[in-house]
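Chemist: Data: input15.cif, mmCIF, C-alpha atoms.
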```
data_work
loop_
_atom_site.label_atom_id
_atom_site.label_comp_id
_atom_site.auth_asym_id
_atom_site.auth_seq_id
_atom_site.Cartn_x
_atom_site.Cartn_y
_atom_site.Cartn_z
CA MET O 1 -27.70 -31.28 -38.34
CA GLU O 2 -29.63 -33.98 -36.55
CA SER O 3 -29.42 -34.06 -32.76
CA ALA O 4 -28.00 -37.58 -32.78
CA LEU O 5 -25.00 -36.45 -34.85
CA ILE O 6 -24.51 -33.36 -32.66
CA GLU O 7 -24.35 -35.64 -29.62
CA GLN O 8 -22.03 -38.12 -31.36
CA LEU O 9 -19.52 -35.43 -32.32
CA GLY O 10 -19.65 -33.80 -28.89
CA ASN O 11 -19.01 -37.20 -27.33
CA GLU O 12 -16.11 -37.79 -29.73
CA LEU O 13 -14.46 -34.48 -28.87
CA HIS O 14 -14.89 -35.11 -25.16
CA ALA O 15 -13.30 -38.54 -25.52
CA ALA O 16 -10.40 -36.95 -27.43
CA TRP O 17 -9.96 -34.42 -24.59
CA THR O 18 -10.09 -37.18 -21.97
CA ASP O 19 -7.57 -39.34 -23.83
CA CYS O 20 -5.35 -36.39 -24.94
CA ARG O 21 -5.43 -37.38 -28.58
CA ALA O 22 -6.23 -35.79 -31.91
CA ILE O 23 -9.06 -36.67 -34.27
CA GLU O 24 -9.67 -35.88 -37.90
CA PRO O 25 -11.34 -32.52 -38.64
CA LEU O 26 -15.10 -32.60 -38.25
CA THR O 27 -15.51 -30.46 -41.35
CA SER O 28 -13.65 -32.99 -43.52
CA ARG O 29 -16.12 -35.71 -42.50
CA HIS O 30 -19.36 -33.73 -42.24
CA LEU O 31 -19.50 -31.01 -44.86
CA GLU O 32 -22.89 -29.84 -43.67
CA ILE O 33 -21.68 -28.54 -40.29
CA GLY O 34 -22.55 -24.88 -39.76
CA VAL O 35 -21.31 -22.55 -37.03
CA GLU O 36 -24.59 -22.90 -35.12
CA ASP O 37 -24.20 -26.68 -35.25
CA ALA O 38 -20.63 -26.31 -33.97
CA TYR O 39 -21.78 -24.37 -30.90
CA ARG O 40 -24.28 -27.14 -30.15
CA ILE O 41 -21.45 -29.67 -30.38
CA GLN O 42 -19.41 -27.46 -28.05
CA GLN O 43 -22.24 -27.47 -25.53
CA ARG O 44 -22.32 -31.25 -25.60
CA MET O 45 -18.55 -31.49 -25.09
CA VAL O 46 -18.48 -28.93 -22.27
CA GLY O 47 -21.54 -30.53 -20.68
CA HIS O 48 -19.65 -33.76 -20.11
CA ARG O 49 -16.97 -31.90 -18.17
CA LEU O 50 -19.54 -30.03 -16.10
CA ASP O 51 -21.23 -33.32 -15.30
CA ALA O 52 -17.87 -34.61 -14.06
CA GLY O 53 -17.57 -31.72 -11.58
CA ALA O 54 -15.89 -28.86 -13.45
CA ARG O 55 -17.32 -25.35 -13.05
CA VAL O 56 -17.55 -22.46 -15.50
CA VAL O 57 -15.15 -19.73 -14.30
CA GLY O 58 -15.25 -17.54 -17.38
CA LYS O 59 -15.18 -17.39 -21.14
CA LYS O 60 -12.67 -16.73 -23.89
CA ILE O 61 -12.75 -14.97 -27.21
CA GLY O 62 -10.63 -16.60 -29.88
CA VAL O 63 -9.31 -15.59 -33.29
CA THR O 64 -9.24 -11.86 -32.58
CA SER O 65 -5.82 -10.90 -33.96
CA GLN O 66 -4.82 -10.77 -37.61
CA ALA O 67 -1.73 -12.85 -36.81
CA VAL O 68 -3.82 -15.71 -35.44
CA MET O 69 -6.37 -15.38 -38.25
CA ASP O 70 -3.58 -15.68 -40.80
CA MET O 71 -1.95 -18.60 -38.98
CA LEU O 72 -5.15 -20.65 -38.73
CA GLY O 73 -6.97 -19.47 -41.82
CA VAL O 74 -9.98 -18.56 -39.64
CA TYR O 75 -11.34 -15.04 -40.15
CA GLN O 76 -14.01 -14.46 -37.52
CA PRO O 77 -13.94 -14.51 -33.70
CA ASP O 78 -15.33 -17.39 -31.71
CA PHE O 79 -15.84 -18.14 -28.04
CA GLY O 80 -15.50 -20.97 -25.57
CA TYR O 81 -15.95 -21.71 -21.89
CA LEU O 82 -13.21 -21.50 -19.26
CA LEU O 83 -13.61 -24.29 -16.73
CA SER O 84 -12.17 -24.76 -13.28
CA ASP O 85 -10.03 -27.67 -14.47
CA MET O 86 -8.23 -25.33 -16.92
CA VAL O 87 -6.79 -23.02 -14.25
CA VAL O 88 -3.02 -23.18 -13.72
CA ALA O 89 -1.82 -21.53 -10.52
CA PRO O 90 1.10 -19.07 -10.73
CA GLY O 91 4.34 -21.01 -10.40
CA GLU O 92 2.70 -24.32 -11.26
CA ALA O 93 4.25 -26.24 -14.16
CA VAL O 94 2.02 -27.41 -16.99
CA SER O 95 2.35 -31.10 -17.77
CA MET O 96 2.47 -31.88 -21.48
CA SER O 97 0.71 -35.15 -20.68
CA ARG O 98 -2.59 -33.28 -20.32
CA LEU O 99 -2.30 -31.56 -23.70
CA VAL O 100 -2.35 -32.67 -27.34
CA GLN O 101 -0.67 -30.03 -29.53
CA PRO O 102 -0.44 -26.88 -27.41
CA LYS O 103 0.40 -23.35 -28.46
CA ALA O 104 0.82 -20.34 -26.16
CA GLU O 105 -0.44 -16.82 -26.60
CA GLY O 106 -0.34 -13.67 -24.52
CA GLU O 107 -3.56 -11.85 -23.66
CA ILE O 108 -5.26 -9.31 -21.42
CA ALA O 109 -7.82 -10.93 -19.12
CA PHE O 110 -10.82 -9.07 -17.67
CA VAL O 111 -12.29 -9.86 -14.25
CA LEU O 112 -15.91 -8.72 -14.15
CA LYS O 113 -17.71 -7.13 -11.21
CA LYS O 114 -21.06 -6.76 -13.00
CA ASP O 115 -23.08 -8.84 -15.43
CA LEU O 116 -23.05 -7.88 -19.11
CA HIS O 117 -26.16 -8.66 -21.14
CA GLY O 118 -26.14 -8.14 -24.91
CA PRO O 119 -27.07 -7.09 -27.46
CA GLY O 120 -25.89 -3.49 -27.58
CA VAL O 121 -23.02 -3.73 -25.07
CA THR O 122 -20.39 -1.03 -25.70
CA VAL O 123 -16.71 -0.63 -24.80
CA SER O 124 -17.56 1.91 -22.10
CA GLU O 125 -20.04 -0.52 -20.56
CA VAL O 126 -17.42 -3.27 -20.58
CA LEU O 127 -14.93 -1.04 -18.76
CA ALA O 128 -17.58 0.04 -16.23
CA ALA O 129 -18.38 -3.62 -15.53
CA THR O 130 -14.72 -4.62 -15.11
CA GLU O 131 -13.20 -5.03 -11.65
CA ALA O 132 -9.67 -5.38 -12.98
CA VAL O 133 -7.49 -6.56 -15.84
CA THR O 134 -4.45 -8.82 -15.66
CA VAL O 135 -1.89 -10.48 -17.89
CA CYS O 136 -2.70 -13.99 -19.04
CA PHE O 137 -0.98 -16.85 -20.82
CA GLU O 138 -3.58 -18.91 -22.61
CA ILE O 139 -2.31 -22.31 -23.69
CA VAL O 140 -4.60 -23.15 -26.55
CA ASP O 141 -4.87 -26.77 -27.61
CA SER O 142 -6.66 -28.47 -30.45
CA ARG O 143 -8.13 -31.94 -30.51
CA ILE O 144 -8.24 -31.55 -34.31
CA ARG O 145 -5.25 -33.22 -35.94
CA ASP O 146 -2.42 -30.90 -37.04
CA TRP O 147 -4.55 -27.82 -36.31
CA LYS O 148 -6.29 -28.31 -39.66
CA ILE O 149 -9.28 -26.33 -38.49
CA LYS O 150 -12.06 -24.34 -40.00
CA ILE O 151 -14.17 -22.07 -37.82
CA GLN O 152 -16.64 -24.92 -37.22
CA ASP O 153 -13.88 -27.23 -35.98
CA THR O 154 -12.45 -24.83 -33.44
CA VAL O 155 -15.90 -23.74 -32.21
CA ALA O 156 -16.97 -27.34 -31.67
CA ASP O 157 -13.69 -27.98 -29.82
CA ASN O 158 -14.60 -25.32 -27.23
CA ALA O 159 -12.62 -22.67 -29.13
CA SER O 160 -9.48 -24.79 -28.83
CA CYS O 161 -9.27 -24.24 -25.08
CA GLY O 162 -6.41 -25.83 -23.17
CA VAL O 163 -5.33 -24.23 -19.90
CA PHE O 164 -4.54 -20.70 -18.72
CA VAL O 165 -2.48 -18.91 -16.08
CA LEU O 166 -3.12 -15.38 -14.82
CA GLY O 167 -0.53 -12.73 -14.04
CA ASP O 168 0.97 -11.34 -10.86
CA ARG O 169 -1.48 -8.52 -10.16
CA LEU O 170 -4.89 -7.02 -10.87
CA VAL O 171 -5.08 -3.48 -12.28
CA ASP O 172 -7.94 -1.01 -12.67
CA PRO O 173 -8.38 -0.59 -16.44
CA ARG O 174 -9.82 2.91 -16.17
CA GLY O 175 -6.34 4.36 -15.70
CA LEU O 176 -5.00 2.69 -18.85
CA ASP O 177 -5.30 2.97 -22.60
CA LEU O 178 -5.62 -0.75 -23.24
CA ARG O 179 -5.11 -0.24 -26.97
CA THR O 180 -1.53 0.92 -26.51
CA CYS O 181 -0.42 -1.35 -23.66
CA GLY O 182 2.62 -3.08 -25.14
CA MET O 183 3.38 -6.79 -24.72
CA VAL O 184 6.85 -8.36 -24.63
CA PHE O 185 6.80 -12.17 -24.99
CA GLU O 186 9.93 -14.22 -24.22
CA LYS O 187 10.55 -17.93 -24.76
CA ASN O 188 13.43 -19.62 -22.98
CA GLY O 189 14.97 -16.25 -22.17
CA GLU O 190 14.87 -14.89 -25.73
CA LEU O 191 12.52 -12.30 -27.19
CA LEU O 192 9.94 -14.10 -29.32
CA ASN O 193 7.45 -11.41 -30.25
CA THR O 194 5.80 -8.17 -29.23
CA GLY O 195 2.28 -6.84 -29.52
CA ALA O 196 -0.22 -4.36 -28.17
CA GLY O 197 -3.78 -4.33 -26.93
CA ALA O 198 -5.07 -3.02 -30.25
CA ALA O 199 -4.35 -6.44 -31.78
CA ALA O 200 -7.52 -7.76 -30.13
CA LEU O 201 -10.24 -6.36 -32.42
CA GLY O 202 -8.78 -2.86 -32.13
CA HIS O 203 -9.25 -2.75 -28.34
CA PRO O 204 -9.48 -5.65 -25.86
CA ALA O 205 -12.77 -4.29 -24.52
CA ASN O 206 -14.13 -4.45 -28.09
CA ALA O 207 -13.54 -8.18 -27.94
CA VAL O 208 -15.39 -8.48 -24.62
CA ALA O 209 -18.26 -6.40 -26.00
CA TRP O 210 -18.37 -8.67 -29.07
CA LEU O 211 -18.66 -11.69 -26.79
CA ALA O 212 -21.38 -10.15 -24.60
CA ASN O 213 -23.38 -9.34 -27.71
CA ALA O 214 -22.78 -12.74 -29.34
CA LEU O 215 -23.94 -14.47 -26.16
CA GLY O 216 -26.91 -12.12 -25.90
CA ALA O 217 -28.07 -13.24 -29.33
CA LEU O 218 -28.01 -16.81 -28.00
CA GLY O 219 -29.81 -15.98 -24.75
CA GLY O 220 -26.64 -15.93 -22.64
CA SER O 221 -24.55 -13.31 -20.84
CA LEU O 222 -21.30 -12.60 -19.06
CA ALA O 223 -21.55 -12.88 -15.28
CA ALA O 224 -20.00 -10.94 -12.42
CA GLY O 225 -16.93 -12.75 -11.13
CA GLU O 226 -16.11 -14.34 -14.48
CA ILE O 227 -12.69 -14.17 -16.10
CA ILE O 228 -12.83 -13.15 -19.75
CA LEU O 229 -9.84 -13.73 -22.02
CA SER O 230 -9.92 -11.07 -24.71
CA GLY O 231 -7.70 -12.62 -27.38
CA ALA O 232 -4.10 -12.97 -28.48
CA LEU O 233 -1.92 -9.87 -28.90
CA ALA O 234 0.52 -11.58 -31.25
CA ALA O 235 1.02 -14.85 -33.08
CA MET O 236 0.89 -17.94 -30.89
CA THR O 237 3.86 -20.24 -30.47
CA SER O 238 4.14 -24.00 -30.11
CA VAL O 239 5.52 -25.29 -26.80
CA THR O 240 7.18 -28.50 -25.69
CA ALA O 241 8.43 -29.98 -22.42
CA GLY O 242 11.28 -27.89 -21.04
CA ASP O 243 10.05 -24.59 -22.46
CA SER O 244 9.68 -21.59 -20.19
CA LEU O 245 7.68 -18.49 -21.14
CA HIS O 246 7.61 -15.01 -19.68
CA MET O 247 5.48 -12.06 -20.67
CA SER O 248 4.98 -8.48 -19.57
CA ILE O 249 2.31 -6.00 -20.63
CA GLY O 250 3.02 -2.35 -19.92
CA GLY O 251 0.99 -0.92 -17.06
CA ILE O 252 -0.62 -4.27 -16.24
CA GLY O 253 1.98 -6.77 -15.06
CA THR O 254 3.88 -9.94 -15.80
CA CYS O 255 3.19 -13.65 -16.13
CA GLY O 256 5.27 -16.79 -16.48
CA VAL O 257 4.66 -20.45 -17.21
CA ARG O 258 6.84 -23.51 -17.77
CA PHE O 259 6.18 -26.92 -19.28
CA VAL O 260 7.26 -30.36 -18.12
CA ALA O 261 6.86 -33.84 -19.58
#
```
Kindly transcribe the structure held in the file into structure tokens.

Modeler:
Amino acid sequence: MESALIEQLGNELHAAWTDCRAIEPLTSRHLEIGVEDAYRIQQRMVGHRLDAGARVVGKKIGVTSQAVMDMLGVYQPDFGYLLSDMVVAPGEAVSMSRLVQPKAEGEIAFVLKKDLHGPGVTVSEVLAATEAVTVCFEIVDSRIRDWKIKIQDTVADNASCGVFVLGDRLVDPRGLDLRTCGMVFEKNGELLNTGAGAAALGHPANAVAWLANALGALGGSLAAGEIILSGALAAMTSVTAGDSLHMSIGGIGTCGVRFVA
């Protein structure tokens, strides 16, 4: 795609984020968009937010569980950037006014103590580079109307990033089998779904390794101090004002978040 169109679409997505509104799918208007083009659009969108003062605090892997793949009709992982203006402090309510069409998912987040440079990063290297893991609610959000996304749409939209909140404690992953850590996800006091670490590409550290290697192919890396969201452990759920969510992951901890108008 021509650079002018890349810039135009990145500007359009940033405006949609700023105004909290949905736009028509990019892929329905520009059939020629490829995944590489979509990452260039993402860079343009994210660049506007960095120019406005946001900082990169980590990265996320999306579309890692079969449940999410089936829900969205997207069958390969993607990644996006976590920015400082996406962080929700524990106990802080999330205002629906800053979101468009949010959905919540439970994940295991990695906090890195060492850089990871792909290609060739392995699960053992991910674990050696990890300071701690914690529970995380990621509130994904799409600027694409009605979530009618193809992989190019969600990539361009910064992997459908919304906001995120981390759990109540940090845990050394070397004493855990992250594949079998079980998740219990409650909505408004009722059990909604369950899952396990293996839902994220077979092992959450597999997802982080995938990201390190994908970034390595693009000349990037994962940096010490970054937070890496490794992907949903079960199907995501839509949320509205008044909803309250709680999640626990065995051996790791708990996390809660509530939504207001």

Chemist: What's around O:Asn158 at 12 Å? Count all atoms listed in the file, leave out sequence neighbours fewer than 3 positions away in its own chain, and write the answer as a PyMOL selection string.

Modeler: chain O and resi 10+13-14+17+38-47+49+59-62+78-83+140-144+151-155+161-163

Chemist: Any chance you could resolve the PyMOL selection byres ((chain O and resi 226) around 9) against this file and give the residues as a PyMOL selection string?

Modeler: chain O and resi 56-59+110-113+115+222-225+227-228

Chemist: Output C-alpha atoms for every residue in that selection, as a short mmCIF file (atom, residue, chain, number, x, y, z; two decimals), in the coordinates of the input.

Modeler:
```cif
data_model
loop_
_atom_site.label_atom_id
_atom_site.label_comp_id
_atom_site.auth_asym_id
_atom_site.auth_seq_id
_atom_site.Cartn_x
_atom_site.Cartn_y
_atom_site.Cartn_z
CA VAL O 56 -17.55 -22.46 -15.50
CA VAL O 57 -15.15 -19.73 -14.30
CA GLY O 58 -15.25 -17.54 -17.38
CA LYS O 59 -15.18 -17.39 -21.14
CA PHE O 110 -10.82 -9.07 -17.67
CA VAL O 111 -12.29 -9.86 -14.25
CA LEU O 112 -15.91 -8.72 -14.15
CA LYS O 113 -17.71 -7.13 -11.21
CA ASP O 115 -23.08 -8.84 -15.43
CA LEU O 222 -21.30 -12.60 -19.06
CA ALA O 223 -21.55 -12.88 -15.28
CA ALA O 224 -20.00 -10.94 -12.42
CA GLY O 225 -16.93 -12.75 -11.13
CA ILE O 227 -12.69 -14.17 -16.10
CA ILE O 228 -12.83 -13.15 -19.75
#
```

Chemist: Report the residues retrieved by the PyMOL selection byres ((chain O and resi 25) around 10) from the displayed file, expressed as a PyMOL selection string.

Modeler: chain O and resi 22-24+26-30+143-150+152-154

Chemist: I'd like to see the residues matched by the PyMOL selection byres ((chain O and resi 210) around 12) on this file, and ideally I'd get them as a PyMOL selection string.

Modeler: chain O and resi 60-62+64+76-79+116-123+125-126+200-209+211-217+221-222+228+230-231

Chemist: Distance atom CA of O:Ser3-atom CA of O:Cys20, one decimal place?

Modeler: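 Computing the Euclidean distance for atom CA of O:Ser3 and atom CA of O:Cys20 yields 25.4 Å.
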
Chemist: Please complete stretch 59-89 of chain O so it has N, CA and C atoms, and hand it over as a CSV table (one decimal), keeping the file's coordinate frame.

Modeler:
```csv
chain,number,residue,atom,x,y,z
O,59,LYS,N,-15.0,-17.1,-19.7
O,59,LYS,CA,-15.2,-17.4,-21.1
O,59,LYS,C,-14.0,-16.8,-21.9
O,60,LYS,N,-13.8,-17.3,-23.1
O,60,LYS,CA,-12.7,-16.7,-23.9
O,60,LYS,C,-13.2,-16.4,-25.3
O,61,ILE,N,-12.5,-15.3,-25.8
O,61,ILE,CA,-12.8,-15.0,-27.2
O,61,ILE,C,-11.5,-15.4,-28.0
O,62,GLY,N,-11.7,-16.1,-29.1
O,62,GLY,CA,-10.6,-16.6,-29.9
O,62,GLY,C,-10.6,-16.0,-31.3
O,63,VAL,N,-9.5,-16.1,-31.9
O,63,VAL,CA,-9.3,-15.6,-33.3
O,63,VAL,C,-9.7,-14.1,-33.4
O,64,THR,N,-9.0,-13.3,-32.6
O,64,THR,CA,-9.2,-11.9,-32.6
O,64,THR,C,-8.1,-11.1,-33.2
O,65,SER,N,-6.9,-11.6,-33.4
O,65,SER,CA,-5.8,-10.9,-34.0
O,65,SER,C,-5.6,-11.3,-35.4
O,66,GLN,N,-5.1,-10.4,-36.2
O,66,GLN,CA,-4.8,-10.8,-37.6
O,66,GLN,C,-3.8,-11.9,-37.7
O,67,ALA,N,-2.8,-11.8,-36.8
O,67,ALA,CA,-1.7,-12.8,-36.8
O,67,ALA,C,-2.3,-14.2,-36.6
O,68,VAL,N,-3.2,-14.4,-35.7
O,68,VAL,CA,-3.8,-15.7,-35.4
O,68,VAL,C,-4.8,-16.1,-36.6
O,69,MET,N,-5.5,-15.1,-37.1
O,69,MET,CA,-6.4,-15.4,-38.2
O,69,MET,C,-5.6,-15.9,-39.4
O,70,ASP,N,-4.4,-15.3,-39.7
O,70,ASP,CA,-3.6,-15.7,-40.8
O,70,ASP,C,-3.0,-17.1,-40.5
O,71,MET,N,-2.6,-17.3,-39.3
O,71,MET,CA,-2.0,-18.6,-39.0
O,71,MET,C,-2.9,-19.8,-39.2
O,72,LEU,N,-4.2,-19.6,-38.7
O,72,LEU,CA,-5.2,-20.6,-38.7
O,72,LEU,C,-6.1,-20.6,-39.9
O,73,GLY,N,-6.1,-19.5,-40.7
O,73,GLY,CA,-7.0,-19.5,-41.8
O,73,GLY,C,-8.4,-19.3,-41.4
O,74,VAL,N,-8.6,-18.8,-40.2
O,74,VAL,CA,-10.0,-18.6,-39.6
O,74,VAL,C,-10.2,-17.1,-39.5
O,75,TYR,N,-11.2,-16.5,-40.0
O,75,TYR,CA,-11.3,-15.0,-40.2
O,75,TYR,C,-12.6,-14.5,-39.4
O,76,GLN,N,-13.0,-15.1,-38.4
O,76,GLN,CA,-14.0,-14.5,-37.5
O,76,GLN,C,-13.8,-14.9,-36.1
O,77,PRO,N,-14.1,-14.1,-35.1
O,77,PRO,CA,-13.9,-14.5,-33.7
O,77,PRO,C,-14.8,-15.7,-33.4
O,78,ASP,N,-14.5,-16.4,-32.3
O,78,ASP,CA,-15.3,-17.4,-31.7
O,78,ASP,C,-15.2,-17.3,-30.2
O,79,PHE,N,-15.9,-18.1,-29.5
O,79,PHE,CA,-15.8,-18.1,-28.0
O,79,PHE,C,-16.0,-19.6,-27.5
O,80,GLY,N,-15.4,-19.7,-26.3
O,80,GLY,CA,-15.5,-21.0,-25.6
O,80,GLY,C,-15.6,-20.7,-24.1
O,81,TYR,N,-15.7,-21.8,-23.3
O,81,TYR,CA,-16.0,-21.7,-21.9
O,81,TYR,C,-14.7,-22.0,-21.1
O,82,LEU,N,-14.3,-21.2,-20.2
O,82,LEU,CA,-13.2,-21.5,-19.3
O,82,LEU,C,-13.8,-22.3,-18.1
O,83,LEU,N,-13.2,-23.4,-17.8
O,83,LEU,CA,-13.6,-24.3,-16.7
O,83,LEU,C,-12.6,-24.3,-15.6
O,84,SER,N,-13.0,-24.7,-14.4
O,84,SER,CA,-12.2,-24.8,-13.3
O,84,SER,C,-11.0,-25.7,-13.4
O,85,ASP,N,-11.1,-26.7,-14.3
O,85,ASP,CA,-10.0,-27.7,-14.5
O,85,ASP,C,-9.0,-27.2,-15.5
O,86,MET,N,-9.2,-25.9,-16.0
O,86,MET,CA,-8.2,-25.3,-16.9
O,86,MET,C,-7.3,-24.4,-16.2
O,87,VAL,N,-7.6,-24.0,-15.0
O,87,VAL,CA,-6.8,-23.0,-14.2
O,87,VAL,C,-5.4,-23.6,-13.8
O,88,VAL,N,-4.4,-22.9,-14.2
O,88,VAL,CA,-3.0,-23.2,-13.7
O,88,VAL,C,-2.6,-22.1,-12.7
O,89,ALA,N,-2.2,-22.5,-11.5
O,89,ALA,CA,-1.8,-21.5,-10.5
O,89,ALA,C,-0.5,-20.9,-10.9
```
